[in-house]
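Asker: Pasting run23.pdb below, which is PDB, C-alpha atoms.
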ATOM      1  CA  MET A  24      64.008 111.683 156.088
ATOM      2  CA  LEU A  25      63.909 114.066 153.115
ATOM      3  CA  ALA A  26      66.845 116.203 154.286
ATOM      4  CA  GLY A  27      69.258 116.269 151.359
ATOM      5  CA  ALA A  28      67.024 113.976 149.263
ATOM      6  CA  ARG A  29      67.055 114.341 145.486
ATOM      7  CA  ILE A  30      63.816 114.542 143.493
ATOM      8  CA  LEU A  31      63.797 111.865 140.782
ATOM      9  CA  GLU A  32      60.273 112.387 139.473
ATOM     10  CA  LYS A  33      57.522 114.984 139.885
ATOM     11  CA  ASP A  34      54.230 116.019 138.333
ATOM     12  CA  SER A  35      51.899 119.025 138.559
ATOM     13  CA  PHE A  36      51.074 118.124 142.184
ATOM     14  CA  GLY A  37      54.715 118.046 143.282
ATOM     15  CA  PRO A  38      57.478 115.477 143.891
ATOM     16  CA  LYS A  39      56.564 111.819 143.362
ATOM     17  CA  VAL A  40      59.843 109.960 143.842
ATOM     18  CA  TYR A  41      62.822 110.876 146.036
ATOM     19  CA  ALA A  42      66.300 109.367 146.199
ATOM     20  CA  LEU A  43      67.250 109.443 149.878
ATOM     21  CA  ASN A  44      70.781 110.054 151.143
ATOM     22  CA  ASN A  45      71.191 106.419 152.215
ATOM     23  CA  GLY A  46      70.438 105.063 148.712
ATOM     24  CA  GLU A  47      66.814 104.169 149.467
ATOM     25  CA  ILE A  48      63.827 105.471 147.485
ATOM     26  CA  LEU A  49      60.663 107.133 148.774
ATOM     27  CA  LYS A  50      57.739 106.923 146.356
ATOM     28  CA  ILE A  51      54.627 109.013 146.981
ATOM     29  CA  PHE A  52      51.157 107.971 145.818
ATOM     30  CA  ARG A  53      48.254 110.376 145.504
ATOM     31  CA  ARG A  54      44.650 109.184 145.504
ATOM     32  CA  LYS A  55      43.052 110.794 142.440
ATOM     33  CA  ARG A  56      39.395 110.311 143.341
ATOM     34  CA  MET A  57      37.701 111.072 146.637
ATOM     35  CA  PHE A  58      36.171 107.589 146.780
ATOM     36  CA  SER A  59      38.127 104.663 145.376
ATOM     37  CA  SER A  60      39.430 101.238 146.359
ATOM     38  CA  THR A  61      42.678 102.898 147.482
ATOM     39  CA  LEU A  62      40.789 104.166 150.542
ATOM     40  CA  LEU A  63      40.809 100.582 151.850
ATOM     41  CA  ARG A  64      44.143  99.476 150.412
ATOM     42  CA  PRO A  65      46.406 102.387 149.425
ATOM     43  CA  SER A  66      48.646 102.116 146.382
ATOM     44  CA  SER A  67      51.687 102.248 148.672
ATOM     45  CA  GLN A  68      50.479  99.075 150.443
ATOM     46  CA  ARG A  69      49.781  97.360 147.090
ATOM     47  CA  PHE A  70      53.318  98.256 145.985
ATOM     48  CA  TYR A  71      54.743  96.813 149.222
ATOM     49  CA  ASP A  72      52.653  93.619 149.082
ATOM     50  CA  ASN A  73      53.400  93.024 145.390
ATOM     51  CA  ALA A  74      57.141  93.385 145.967
ATOM     52  CA  VAL A  75      56.937  90.834 148.798
ATOM     53  CA  GLY A  76      54.870  88.497 146.570
ATOM     54  CA  LEU A  77      57.298  88.740 143.651
ATOM     55  CA  SER A  78      60.238  87.974 145.937
ATOM     56  CA  ALA A  79      58.401  84.894 147.215
ATOM     57  CA  LEU A  80      58.093  83.745 143.583
ATOM     58  CA  GLY A  81      61.832  84.242 143.070
ATOM     59  CA  ILE A  82      61.361  87.236 140.755
ATOM     60  CA  PRO A  83      63.902  90.029 141.408
ATOM     61  CA  THR A  84      62.290  93.300 142.465
ATOM     62  CA  VAL A  85      62.678  96.176 144.899
ATOM     63  CA  THR A  86      62.999  95.487 148.639
ATOM     64  CA  PRO A  87      60.106  97.212 150.462
ATOM     65  CA  LEU A  88      60.942  98.685 153.874
ATOM     66  CA  ALA A  89      57.957 100.699 155.162
ATOM     67  CA  CYS A  90      54.652 102.342 154.241
ATOM     68  CA  TYR A  91      53.557 105.788 155.428
ATOM     69  CA  ARG A  92      50.402 107.862 155.571
ATOM     70  CA  LEU A  93      51.278 111.496 154.909
ATOM     71  CA  ASP A  94      49.740 114.591 156.453
ATOM     72  CA  ASP A  95      47.524 115.031 153.406
ATOM     73  CA  ALA A  96      44.793 112.348 153.679
ATOM     74  CA  ARG A  97      45.042 111.673 149.937
ATOM     75  CA  ARG A  98      48.740 110.789 149.965
ATOM     76  CA  THR A  99      50.655 107.733 151.125
ATOM     77  CA  ALA A 100      54.250 106.632 150.523
ATOM     78  CA  VAL A 101      56.458 103.563 150.433
ATOM     79  CA  ARG A 102      60.174 103.442 151.203
ATOM     80  CA  TYR A 103      62.266 100.765 149.531
ATOM     81  CA  GLN A 104      65.695  99.684 148.370
ATOM     82  CA  PRO A 105      65.876  99.898 144.576
ATOM     83  CA  LEU A 106      66.604  96.971 142.281
ATOM     84  CA  LEU A 107      70.007  97.779 140.827
ATOM     85  CA  GLY A 108      70.580  97.412 137.100
ATOM     86  CA  ASP A 109      69.552  98.958 133.783
ATOM     87  CA  THR A 110      65.987  99.187 132.585
ATOM     88  CA  LEU A 111      65.359  97.369 129.335
ATOM     89  CA  SER A 112      64.385 100.669 127.706
ATOM     90  CA  ASP A 113      67.698 102.322 128.712
ATOM     91  CA  ARG A 114      69.664  99.306 127.514
ATOM     92  CA  LEU A 115      67.944  99.349 124.118
ATOM     93  CA  ARG A 116      68.276 103.112 123.698
ATOM     94  CA  HIS A 117      72.016 102.952 124.260
ATOM     95  CA  SER A 118      72.640  99.665 122.439
ATOM     96  CA  PRO A 119      69.731  98.898 120.069
ATOM     97  CA  GLU A 120      71.711  96.067 118.481
ATOM     98  CA  GLN A 121      71.277  94.063 121.724
ATOM     99  CA  TRP A 122      67.609  93.369 120.937
ATOM    100  CA  ARG A 123      68.333  90.123 119.089
ATOM    101  CA  ASP A 124      70.572  88.839 121.914
ATOM    102  CA  ILE A 125      68.060  89.812 124.614
ATOM    103  CA  LEU A 126      65.016  88.357 122.848
ATOM    104  CA  PRO A 127      65.201  84.659 123.948
ATOM    105  CA  SER A 128      65.850  85.381 127.638
ATOM    106  CA  LEU A 129      63.239  88.176 127.712
ATOM    107  CA  ALA A 130      60.659  85.809 126.197
ATOM    108  CA  ARG A 131      61.460  83.203 128.871
ATOM    109  CA  PHE A 132      61.066  85.828 131.606
ATOM    110  CA  ILE A 133      57.700  87.036 130.313
ATOM    111  CA  ASN A 134      56.502  83.429 130.013
ATOM    112  CA  GLN A 135      57.502  82.837 133.634
ATOM    113  CA  LEU A 136      55.494  85.881 134.721
ATOM    114  CA  HIS A 137      52.399  84.641 132.881
ATOM    115  CA  ALA A 138      52.822  81.039 134.106
ATOM    116  CA  ARG A 139      53.202  82.199 137.711
ATOM    117  CA  GLY A 140      50.066  84.341 137.559
ATOM    118  CA  VAL A 141      51.750  87.762 137.511
ATOM    119  CA  TYR A 142      49.372  90.188 135.811
ATOM    120  CA  PHE A 143      51.379  93.403 135.550
ATOM    121  CA  ARG A 144      49.275  96.010 133.818
ATOM    122  CA  SER A 145      52.366  98.219 133.518
ATOM    123  CA  LEU A 146      54.562  95.532 131.958
ATOM    124  CA  HIS A 147      56.826  97.498 129.626
ATOM    125  CA  ALA A 148      60.502  98.047 128.873
ATOM    126  CA  GLY A 149      60.745 100.876 131.416
ATOM    127  CA  ASN A 150      59.658  98.587 134.271
ATOM    128  CA  ILE A 151      61.847  95.591 133.401
ATOM    129  CA  VAL A 152      65.342  95.738 134.897
ATOM    130  CA  ILE A 153      68.371  93.737 133.783
ATOM    131  CA  THR A 154      70.515  93.231 136.880
ATOM    132  CA  ALA A 155      74.313  93.097 137.000
ATOM    133  CA  ASN A 156      74.223  89.277 136.910
ATOM    134  CA  GLY A 157      71.918  89.253 133.858
ATOM    135  CA  GLU A 158      68.644  88.431 135.612
ATOM    136  CA  TYR A 159      65.384  90.165 134.731
ATOM    137  CA  GLY A 160      63.371  91.884 137.440
ATOM    138  CA  LEU A 161      60.411  94.235 137.858
ATOM    139  CA  ILE A 162      60.078  97.723 139.323
ATOM    140  CA  ASP A 163      57.195 100.162 139.886
ATOM    141  CA  VAL A 164      55.009  97.247 140.938
ATOM    142  CA  ALA A 165      51.888  98.932 142.385
ATOM    143  CA  ASP A 166      49.793  98.245 139.268
ATOM    144  CA  MET A 167      49.906  94.459 139.540
ATOM    145  CA  ARG A 168      47.859  91.460 140.604
ATOM    146  CA  LEU A 169      49.360  88.155 141.702
ATOM    147  CA  ARG A 170      47.048  85.272 140.848
ATOM    148  CA  ARG A 171      47.140  81.684 142.076
ATOM    149  CA  LYS A 172      47.108  80.195 138.572
ATOM    150  CA  PRO A 173      48.564  81.028 135.145
ATOM    151  CA  LEU A 174      47.112  84.012 133.305
ATOM    152  CA  SER A 175      44.280  83.561 130.839
ATOM    153  CA  LYS A 176      44.847  84.261 127.151
ATOM    154  CA  ALA A 177      42.832  87.486 127.496
ATOM    155  CA  LEU A 178      45.104  88.845 130.247
ATOM    156  CA  ILE A 179      48.228  87.821 128.321
ATOM    157  CA  ARG A 180      46.850  89.703 125.314
ATOM    158  CA  ARG A 181      46.317  92.830 127.463
ATOM    159  CA  ASN A 182      49.904  92.640 128.723
ATOM    160  CA  ARG A 183      51.155  92.387 125.149
ATOM    161  CA  GLU A 184      49.094  95.360 123.978
ATOM    162  CA  HIS A 185      50.427  97.521 126.789
ATOM    163  CA  PHE A 186      54.013  96.459 126.078
ATOM    164  CA  GLU A 187      53.659  97.305 122.380
ATOM    165  CA  LYS A 188      51.963 100.661 123.072
ATOM    166  CA  TYR A 189      54.840 101.714 125.335
ATOM    167  CA  ALA A 190      57.454 100.580 122.789
ATOM    168  CA  ARG A 191      55.791 102.671 120.060
ATOM    169  CA  LYS A 192      55.432 105.712 122.306
ATOM    170  CA  GLU A 193      59.078 105.578 123.420
ATOM    171  CA  GLN A 194      60.253 104.732 119.874
ATOM    172  CA  LEU A 195      62.236 101.783 121.174
ATOM    173  CA  PRO A 196      63.979  99.508 118.668
ATOM    174  CA  LEU A 197      61.729  96.601 119.606
ATOM    175  CA  GLU A 198      60.041  94.166 117.294
ATOM    176  CA  PRO A 199      57.135  93.082 119.503
ATOM    177  CA  GLY A 200      55.959  90.532 116.948
ATOM    178  CA  ALA A 201      59.322  88.778 117.256
ATOM    179  CA  LEU A 202      59.052  88.857 121.059
ATOM    180  CA  TRP A 203      55.587  87.276 121.095
ATOM    181  CA  THR A 204      56.650  84.640 118.575
ATOM    182  CA  ALA A 205      59.568  83.786 120.868
ATOM    183  CA  CYS A 206      57.189  83.669 123.842
ATOM    184  CA  GLU A 207      54.834  81.295 122.035
ATOM    185  CA  ARG A 208      57.647  78.992 120.951
ATOM    186  CA  GLY A 209      58.895  78.755 124.520
ATOM    187  CA  GLN A 210      55.521  78.440 126.218
ATOM    188  CA  ALA A 211      56.316  75.161 127.926
ATOM    189  CA  ILE A 212      58.543  76.118 130.852
ATOM    190  CA  SER A 213      59.287  74.254 134.041
ATOM    191  CA  LEU A 214      58.297  75.908 137.298
ATOM    192  CA  PRO A 215      59.768  75.280 140.725
ATOM    193  CA  ALA A 216      57.800  72.824 142.872
ATOM    194  CA  GLY A 217      54.879  74.383 144.662
ATOM    195  CA  LEU A 218      54.267  77.209 142.170
TER     196      LEU A 218
END
Go through the file and emit its structure as structure tokens.
Answerer:
Amino acid sequence: MLAGARILEKDSFGPKVYALNNGEILKIFRRKRMFSSTLLRPSSQRFYDNAVGLSALGIPTVTPLACYRLDDARRTAVRYQPLLGDTLSDRLRHSPEQWRDILPSLARFINQLHARGVYFRSLHAGNIVITANGEYGLIDVADMRLRRKPLSKALIRRNREHFEKYARKEQLPLEPGALWTACERGQAISLPAGL
């Protein structure tokens, strides 16, 4: 499977993400502690299940294909088709003036996530994709919980703090205060029946 694959991301332990020859992605997860909850439900399976759950909610995301246990007992992997588009962080780095135009639709998207019970602890501009048809979607979805009811104010606050921390670290031309104001103004959104 890895013949001719290109390494997209690696750390001190080795490659983490491969681009395969057929356009698919293989993402490797390493269990950091000997005993953890990932023994029962590996991060690769969480990634797979979360992608399936987001798709069921109508939220664009990657298309999971298969999970694997690797020869090293601490490592698992997931193979998937990527969500095509630009990350929000790339878009803003190349065209910072787009922030004002993006703001209303981004606020609506984040409100939909919160209203549909999507608690994404890694919600930041690097994990939000703008697709070719202008929809917002999510990638790198292992660090997520899908709840049956809208998020509490405390969880929404945590999402906001993480988003702002990432924006500061990456020096993105974001004005988080403006984003949250837009989110609050548009809090009342209509959801599809059954959600």
Asker: A:Ala177, A:Val152, A:Ala201, A:Leu93: which is nearest Arg54 of chain A, counting all atoms listed in the file?
Answerer: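 Closest residue, counting all atoms listed in the file: A:Leu93.
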Asker: Can you find the residues with an atom no farther than 8 Å from (60.5, 107.3, 138.2), counting all atoms listed in the file, and report them as number ranges by chain?
Answerer: A: 31-32, 39-40
Asker: Compare A:Tyr189, A:Arg171, A:Gln135, A:Gln121 by their minimum atom-to-atom distance to His147 of chain A, counting all atoms listed in the file, and give me the closest one.
Answerer: A:Tyr189
Asker: Which of these, A:Asn73, A:Ser118, A:Gln68, A:Gln104, has the shortest distance to Val141 of chain A once you count all atoms listed in the file?
Answerer: A:Asn73
Asker: Would you list the contacts of Ile51 of chain A as a list in words, taking every protein, DNA or RNA residue within 9 Å and counting all atoms listed in the file, but skipping same-chain residues closer than 5 positions in sequence?
Answerer: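 Using all atoms listed in the file, the neighbours found are Pro38, Lys39, Val40, Tyr41, Ser67, Leu93, Arg98, Thr99, Ala100, Val101 and Arg102 of chain A.
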Asker: For a quick check of understanding, using only C-alpha atoms, which of A:Glu198, A:Ala26, A:Asp95, A:Leu169 has the smallest distance to Arg53 of chain A?
Answerer: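 The closest residue to Arg53 of chain A is A:Asp95.
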Asker: Let me have the centre and edge lengths of the axis-aligned box enclosing all listed atoms of segment 193-210 of chain A with 4 Å padding on every side, in Å to one decimal, as lines of an AutoDock Vina configuration file.
Answerer:
center_x = 59.4
center_y = 92.0
center_z = 121.6
size_x = 17.1
size_y = 35.1
size_z = 17.3
Asker: Starting from the displayed file, determine the output of the PyMOL selection byres ((chain A and resi 29) around 7) and express the residue list as JSON, numbers by chain.
Answerer: {"A": [27, 28, 30, 31, 41, 42, 43]}
Asker: Is there a way to complete segment 104-125 of chain A with N, CA, C and O atoms and then write that out as an mmCIF file, in the frame of the given file?
Answerer:
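Okay, this is what ended up in out-v2.cif:
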data_model
loop_
_atom_site.group_PDB
_atom_site.id
_atom_site.type_symbol
_atom_site.label_atom_id
_atom_site.label_comp_id
_atom_site.auth_asym_id
_atom_site.auth_seq_id
_atom_site.Cartn_x
_atom_site.Cartn_y
_atom_site.Cartn_z
ATOM 1 N N GLN A 104 64.378 99.751 148.985
ATOM 2 C CA GLN A 104 65.695 99.684 148.370
ATOM 3 C C GLN A 104 65.486 99.357 146.894
ATOM 4 O O GLN A 104 64.743 98.422 146.564
ATOM 5 N N PRO A 105 66.112 100.123 146.008
ATOM 6 C CA PRO A 105 65.876 99.898 144.576
ATOM 7 C C PRO A 105 66.500 98.587 144.092
ATOM 8 O O PRO A 105 67.389 98.029 144.743
ATOM 9 N N LEU A 106 66.001 98.108 142.970
ATOM 10 C CA LEU A 106 66.604 96.971 142.281
ATOM 11 C C LEU A 106 67.672 97.539 141.354
ATOM 12 O O LEU A 106 67.356 98.311 140.439
ATOM 13 N N LEU A 107 68.916 97.192 141.595
ATOM 14 C CA LEU A 107 70.007 97.779 140.827
ATOM 15 C C LEU A 107 70.150 97.098 139.469
ATOM 16 O O LEU A 107 70.009 95.885 139.350
ATOM 17 N N GLY A 108 70.412 97.899 138.462
ATOM 18 C CA GLY A 108 70.580 97.412 137.100
ATOM 19 C C GLY A 108 70.118 98.454 136.111
ATOM 20 O O GLY A 108 69.857 99.609 136.476
ATOM 21 N N ASP A 109 70.012 98.059 134.851
ATOM 22 C CA ASP A 109 69.552 98.958 133.783
ATOM 23 C C ASP A 109 68.147 98.560 133.385
ATOM 24 O O ASP A 109 67.856 97.367 133.262
ATOM 25 N N THR A 110 67.288 99.548 133.142
ATOM 26 C CA THR A 110 65.987 99.187 132.585
ATOM 27 C C THR A 110 66.190 98.709 131.154
ATOM 28 O O THR A 110 67.149 99.108 130.477
ATOM 29 N N LEU A 111 65.292 97.871 130.707
ATOM 30 C CA LEU A 111 65.359 97.369 129.335
ATOM 31 C C LEU A 111 65.306 98.524 128.347
ATOM 32 O O LEU A 111 66.024 98.534 127.352
ATOM 33 N N SER A 112 64.493 99.541 128.635
ATOM 34 C CA SER A 112 64.385 100.669 127.706
ATOM 35 C C SER A 112 65.709 101.428 127.610
ATOM 36 O O SER A 112 66.147 101.793 126.516
ATOM 37 N N ASP A 113 66.392 101.648 128.757
ATOM 38 C CA ASP A 113 67.698 102.322 128.712
ATOM 39 C C ASP A 113 68.707 101.498 127.938
ATOM 40 O O ASP A 113 69.484 102.020 127.134
ATOM 41 N N ARG A 114 68.713 100.197 128.194
ATOM 42 C CA ARG A 114 69.664 99.306 127.514
ATOM 43 C C ARG A 114 69.465 99.369 126.001
ATOM 44 O O ARG A 114 70.434 99.454 125.236
ATOM 45 N N LEU A 115 68.211 99.360 125.554
ATOM 46 C CA LEU A 115 67.944 99.349 124.118
ATOM 47 C C LEU A 115 68.190 100.712 123.478
ATOM 48 O O LEU A 115 68.564 100.792 122.309
ATOM 49 N N ARG A 116 67.979 101.785 124.249
ATOM 50 C CA ARG A 116 68.276 103.112 123.698
ATOM 51 C C ARG A 116 69.768 103.285 123.443
ATOM 52 O O ARG A 116 70.172 103.870 122.448
ATOM 53 N N HIS A 117 70.571 102.780 124.388
ATOM 54 C CA HIS A 117 72.016 102.952 124.260
ATOM 55 C C HIS A 117 72.653 101.918 123.335
ATOM 56 O O HIS A 117 73.663 102.197 122.702
ATOM 57 N N SER A 118 72.074 100.735 123.270
ATOM 58 C CA SER A 118 72.640 99.665 122.439
ATOM 59 C C SER A 118 71.515 98.911 121.730
ATOM 60 O O SER A 118 71.193 97.770 122.087
ATOM 61 N N PRO A 119 70.876 99.538 120.731
ATOM 62 C CA PRO A 119 69.731 98.898 120.069
ATOM 63 C C PRO A 119 70.063 97.549 119.429
ATOM 64 O O PRO A 119 69.193 96.703 119.272
ATOM 65 N N GLU A 120 71.335 97.330 119.124
ATOM 66 C CA GLU A 120 71.711 96.067 118.481
ATOM 67 C C GLU A 120 71.586 94.879 119.434
ATOM 68 O O GLU A 120 71.615 93.726 119.001
ATOM 69 N N GLN A 121 71.405 95.148 120.744
ATOM 70 C CA GLN A 121 71.277 94.063 121.724
ATOM 71 C C GLN A 121 69.929 93.350 121.652
ATOM 72 O O GLN A 121 69.766 92.291 122.250
ATOM 73 N N TRP A 122 68.964 93.934 120.946
ATOM 74 C CA TRP A 122 67.609 93.369 120.937
ATOM 75 C C TRP A 122 67.599 91.892 120.579
ATOM 76 O O TRP A 122 66.969 91.080 121.239
ATOM 77 N N ARG A 123 68.326 91.526 119.535
ATOM 78 C CA ARG A 123 68.333 90.123 119.089
ATOM 79 C C ARG A 123 68.922 89.201 120.161
ATOM 80 O O ARG A 123 68.456 88.079 120.356
ATOM 81 N N ASP A 124 69.953 89.667 120.871
ATOM 82 C CA ASP A 124 70.572 88.839 121.914
ATOM 83 C C ASP A 124 69.664 88.712 123.134
ATOM 84 O O ASP A 124 69.652 87.674 123.806
ATOM 85 N N ILE A 125 68.926 89.774 123.437
ATOM 86 C CA ILE A 125 68.060 89.812 124.614
ATOM 87 C C ILE A 125 66.783 88.990 124.406
ATOM 88 O O ILE A 125 66.236 88.415 125.348
#
